[in-house]
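Student: Let me begin by handing over the structure; questions about it come next.
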Amino acid sequence: MTRDNQEVVDRIVKLAIETQSWGYVSTGTRFKVFDTPGTARDVWEKIDDAAEVHQLTGVTPTVALHIPWDAVDDYAALATYAQQRGVRIGSISPNLFQEDNYRLGSLTNVDASVRAQAIAHVAECIAVAQSTGSRQISLWLADGTNYPGQGDFRRRRRWLEEGLAEIYGQLPSDMSLLLEYKFFEPAFYHTDIADWGQSLLLCESLGPRARVLVDIGHHPLGTNIEHIVATLLGRGRLGGFDLNSKKYGDDDLFVGAVNPHELFLICLELIKAEDDTDPMVTGAAHEILYKIDQCAMVEDKMSAMLRSIDAVQLAFAKALLVDLDELERAQDDGDVVGSNQILDDAYQTDGRPLVRQARQRLGVPDNPLDAYRGSGSARTRERERVGRAAGW
Ligand code: AOS
Ligand code: ZN
Ligand code: ZN
């Protein structure tokens, strides 16, 4: 089946992408955090930036928060502020890696009082989600060890399972838990949730509202991420993405910068799952959170965010152009070269006119990045946002 262009445009129009508050501040490596003039100084300004990105693109209605980076006294007021600017609060990420107490782990710490502190922090984030209308807790754990012998894998695993069960038990029935994995960093010998399989096992033992979150940058080089995505989709357990791109590791570069072909192949799996005949697969596929998780080290944050959104839309557009019936026929015929050619035909097609049509339907500029750069908005930020620079 070749989709007609109108269907492709419809699907691009419906795609919602979440931008993240920490993508609007100065971040970086351990060597130096460079400040960029005009950068958001607090969570209110991060929301202003997210709102401007949504005005320019029409597809980023929510903004993810990280607590306590974005802590405020009155979360209901923050949610109202966001709404007044045309966006909503999206997923909430607890921070279980920046307290001194977490030196030897959070949910897997040998000290029961530290484990309890970590659980209490996630409970606080659930309360933040309730006051802001958010429905997702996006959890990443830095827990791991640096040297063989430093910790006992199975004891740590038991503490992890107990802690997560307690957290899951506290989730209101309309909220879900997205569980991220990462194979190394900040720990360099082992990480307690190192890969998708470990995350999936935990989610399956927790319950249906626990799902795996795939951060594109959290895999060893050469990993077939689209295969992981397909496996999770097939079990209805893919909960979301942290979108970025990488050359080496968790580089957190803007989306599509390094390997747009990989992104296209990932999108193809998502589209196939959305159109699957099994309601378990389609149901979960339609609830997937598409969250950006990038760090702008030397580049302008707004421009980087706009580039990422463009890359996601374009990858979806091209994936929607794949003729799936013809592909299945070629696969059934054992046509190895022909089936690959079908994918390549779609990938080589210029998807930009379709993305432009979607933008016209959304009533936003044909090229949001050009519109932003021509708008003078960056200079206004530089003029108005003087004083304390925000980082993490
Ligand atoms: C860390 O590597 C993960 O990608 C997390 O999602 C993290 O909470 C986020 O990137 C903020 O640093
Ligand atoms: Zn992430
Ligand atoms: Zn990461």
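Lettering and numbering for the structure tokens are positional, with chains as A, B, ... in the shown order, residues counted from 1 in each chain, and ligands counted from 1 in the shown order.
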Find the residues around A:Arg85 up to 10 Å (only C-alpha atoms counted), leave out those fewer than 2 positions away in its own chain, and share them as a PyMOL selection string.
Tutor: chain A and resi 47-52+54-55+79-83+87-88
Student: Compile the contact shell of A:Ala378 as a PyMOL selection string: residues with an atom at most 10 Å away, counting only C-alpha atoms, same-chain residues fewer than 6 positions apart removed.
Tutor: chain A and resi 37-39+300+302-303+372
Student: So that I can check the surroundings of A:Ile271, please list as an MDAnalysis selection string every protein, DNA and RNA residue that reaches within 9 Å of it, counting only C-alpha atoms and ignoring chain neighbours fewer than 6 positions away.
Tutor: chainID A and resid 285 316 319:320
Student: Taking 5 positions as the minimum chain separation for residues in the same chain, which residues sit within 9 Å of A:Glu226 when counting only C-alpha atoms? Answer as a PyMOL selection string.
Tutor: chain A and resi 231+262-263+265-269
Student: Hey, which residues come within 7 Å of ligand 3 if we count only C-alpha atoms and all ligand atoms? Could you give them as a list in words?
Tutor: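 Answer in the requested format: Asp215, Gly217, His218, Asp250 and Asp252 of chain A.
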Student: Taking the backbone alone, and naming residues the way the document does, which bits of stretch 130-313 of chain A are helix (DSSP H, G or I) by DSSP, as JSON, numbers by chain?
Tutor: {"A": [130, 131, 132, 153, 154, 155, 156, 157, 158, 159, 160, 161, 162, 163, 164, 165, 166, 167, 168, 169, 170, 196, 197, 198, 199, 200, 201, 202, 203, 204, 205, 206, 225, 226, 227, 228, 229, 230, 231, 232, 233, 234, 260, 261, 262, 263, 264, 265, 266, 267, 268, 269, 270, 271, 272, 273, 274, 279, 280, 281, 282, 283, 284, 285, 286, 301, 302, 303, 304, 305, 306, 307, 308, 309, 310, 311, 312, 313]}
Student: Please provide as a list in words all residues within 8 Å of A:Cys125, with the sequence filter that same-chain residues fewer than 6 positions apart are discarded (counting only C-alpha atoms).
Tutor: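 Listed by chain and then number, they are Ile67, Ile92, Ser93, Pro94 and Ile137 of chain A.
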